[in-house]
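Have a look at the structure below, then the notes.
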Amino acid sequence: MSLKQQIEGDIKKAMLAREKDELKALRAIKSMILLSETEKGGSGEVSADAEMKLLMKAVKQRKDSAEIYKNQGREDLLAVELAEITVIERYLPKQLSEEEIRAELEKIVAQVGASGPQDMGKVMGMASKALAGKADGKTISGIVKSILVG
């Protein structure tokens, strides 16, 4: 079952259960998928990899918004963003812990033969592919910097 079909089924369940917050998040995901399908030059289909990227982007947008709301003391809006993140993360693979990410990145650094900060691009290229959907790019970048500099 594709992500789109799974989302559509979950939208129906959320409608029947009258869960407004969950429904809003699910509709946002469906909207992103539909926009991706109808994108100019697109094939009308979205690959599993592209779906994962869409979900990661949706979570990142909501985390950024949540951070802003937290800084402004808007607990009402913060709660909405956090609830949407919880719904979206159900469709993502399990996120790796920082220790697991560090272990994977150390393997990649050894594989590439990186010796310093100048090799950051090589490591990030491989790491982005290897950890796609399992870790946030910002986290990966921070750990790669600490490994290469420290």
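Ordering of the structure tokens sets the chain letters (A, B, ...); residue numbers start at 1 within each chain; ligands are numbered from 1 in the order shown.
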Non-local contacts of range 106-108 of chain A (7 Å; only C-alpha atoms; under 4 positions in same chain excluded) as a PyMOL selection string: chain A and resi 102+112+123+127
May I have the residues from that selection written out with all heavy atoms, as a short mmCIF file (atom, residue, chain, number, x, y, z; two decimals), in the first residue's frame?
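And here is the file that came out, result_27.cif:
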```
data_model
loop_
_atom_site.label_atom_id
_atom_site.label_comp_id
_atom_site.auth_asym_id
_atom_site.auth_seq_id
_atom_site.Cartn_x
_atom_site.Cartn_y
_atom_site.Cartn_z
N ARG A 102 26.03 8.67 15.33
CA ARG A 102 27.49 8.86 15.44
C ARG A 102 28.22 7.60 14.96
O ARG A 102 29.21 7.70 14.21
CB ARG A 102 27.88 9.20 16.87
CG ARG A 102 29.37 9.46 17.03
CD ARG A 102 29.71 9.98 18.41
NE ARG A 102 29.22 11.33 18.65
CZ ARG A 102 29.84 12.44 18.25
NH1 ARG A 102 30.96 12.35 17.56
NH2 ARG A 102 29.34 13.62 18.51
N VAL A 112 35.15 6.82 3.54
CA VAL A 112 35.52 7.88 2.61
C VAL A 112 36.99 8.25 2.76
O VAL A 112 37.61 8.74 1.82
CB VAL A 112 34.61 9.13 2.85
CG1 VAL A 112 35.06 10.32 2.05
CG2 VAL A 112 33.17 8.81 2.51
N VAL A 123 31.54 13.37 3.05
CA VAL A 123 30.88 12.62 4.12
C VAL A 123 29.38 12.90 4.12
O VAL A 123 28.57 11.98 4.22
CB VAL A 123 31.50 12.97 5.49
CG1 VAL A 123 30.76 12.27 6.61
CG2 VAL A 123 32.98 12.60 5.53
N ALA A 127 26.35 10.31 3.83
CA ALA A 127 25.54 10.23 5.05
C ALA A 127 24.08 10.56 4.76
O ALA A 127 23.17 9.91 5.29
CB ALA A 127 26.09 11.17 6.10
#
```
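Near Ile143 in chain A, within 12 Å and counting only C-alpha atoms, sit Ser97, Glu98, Glu99, Glu100, Ile101, Arg102, Ala103, Glu104, Leu105, Glu106, Val109, Pro117, Met120, Val123, Met124, Ala127, Ala135, Asp136, Gly137, Lys138, Leu148, Val149 and Gly150 of chain A; same-chain residues fewer than 5 positions away were not included.
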Please write the residues from the selection above to a file, keeping C-alpha atoms, as a short mmCIF file (atom, residue, chain, number, x, y, z; two decimals), in the first residue's frame.
```cif
data_model
loop_
_atom_site.label_atom_id
_atom_site.label_comp_id
_atom_site.auth_asym_id
_atom_site.auth_seq_id
_atom_site.Cartn_x
_atom_site.Cartn_y
_atom_site.Cartn_z
CA SER A 97 19.48 7.95 18.50
CA GLU A 98 22.45 10.30 18.54
CA GLU A 99 24.78 7.41 19.47
CA GLU A 100 23.51 5.31 16.55
CA ILE A 101 23.94 8.24 14.16
CA ARG A 102 27.49 8.86 15.44
CA ALA A 103 28.40 5.16 14.95
CA GLU A 104 27.08 5.19 11.36
CA LEU A 105 28.87 8.46 10.58
CA GLU A 106 32.18 7.18 11.95
CA VAL A 109 34.15 8.82 7.61
CA PRO A 117 36.71 19.67 7.74
CA MET A 120 32.70 17.49 4.97
CA VAL A 123 30.88 12.62 4.12
CA MET A 124 27.58 14.53 4.01
CA ALA A 127 25.54 10.23 5.05
CA ALA A 135 17.89 11.25 11.02
CA ASP A 136 17.52 15.00 10.60
CA GLY A 137 20.04 16.65 8.27
CA LYS A 138 20.90 19.30 10.86
CA LEU A 148 35.98 15.81 11.53
CA VAL A 149 37.12 18.73 13.71
CA GLY A 150 37.46 16.92 17.05
#
```
Counting only C-alpha atoms, the residue of A:Gly125, A:Leu26, A:Ala79, A:Gly133 that sits nearest Glu8 in chain A: A:Leu26
d(CA of Ala83 in chain A, CA of Ser36 in chain A) in Å: 23.8 Å
Backbone DSSP call of alpha helix (DSSP H) for chain A, listed as a PyMOL selection string: chain A and resi 3-17+20-37+48-72+75-89+98-112+120-130+137-149
Residues within 9 Å of Lys30 in chain A, only C-alpha atoms, excluding chain neighbours under 4 positions, as a list in words: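 Once the adjacent positions are removed, what remains is Leu3, Lys4, Ile7, Glu8, Ala25, Leu26, Leu34 and Leu35 of chain A.
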Please produce, as JSON lines, a per-residue contact table for range 29-50 of chain A versus range 55-61 of chain A (criterion: any atom at most 9 Å away, only C-alpha atoms considered), showing the nearest atom pair and its distance in Å to one decimal, sorted by chain then residue number.
```
{"residue": "A:Ile29", "atom": "CA", "partner": "A:Leu55", "partner_atom": "CA", "distance": 7.3}
{"residue": "A:Met32", "atom": "CA", "partner": "A:Ala58", "partner_atom": "CA", "distance": 8.5}
{"residue": "A:Ala50", "atom": "CA", "partner": "A:Leu55", "partner_atom": "CA", "distance": 8.7}
```
Residue nearest Asp49 in chain A - candidates A:Leu92, A:Ile140, A:Ala17, A:Ala114, atoms counted: only C-alpha atoms: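 For Asp49 in chain A, the nearest of the given residues is A:Leu92.
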Distance in Å - CA of Glu81 in chain A versus CA of Ala28 in chain A: 12.1 Å
One-decimal distance in Å that lies between CA of Met52 in chain A and CA of Tyr91 in chain A: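 Going from CA of Tyr91 in chain A over to CA of Met52 in chain A covers 8.5 Å.
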Contacts of Lys134 in chain A at 8 Å (only C-alpha atoms; same-chain gap of 5+ positions) as an MDAnalysis selection string: chainID A and resid 92:96
Shell of 10 Å around Ala48 in chain A, only C-alpha atoms, local chain residues under 5 positions omitted, as a list in words: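 Result of the neighbour search: Ser2, Leu3, Lys53 and Leu54 of chain A.
Among A:Ile68, A:Lys129, A:Glu75, A:Gly121, the residue with the shortest atom-to-atom distance to Ser141 in chain A, counting only C-alpha atoms, is A:Gly121.
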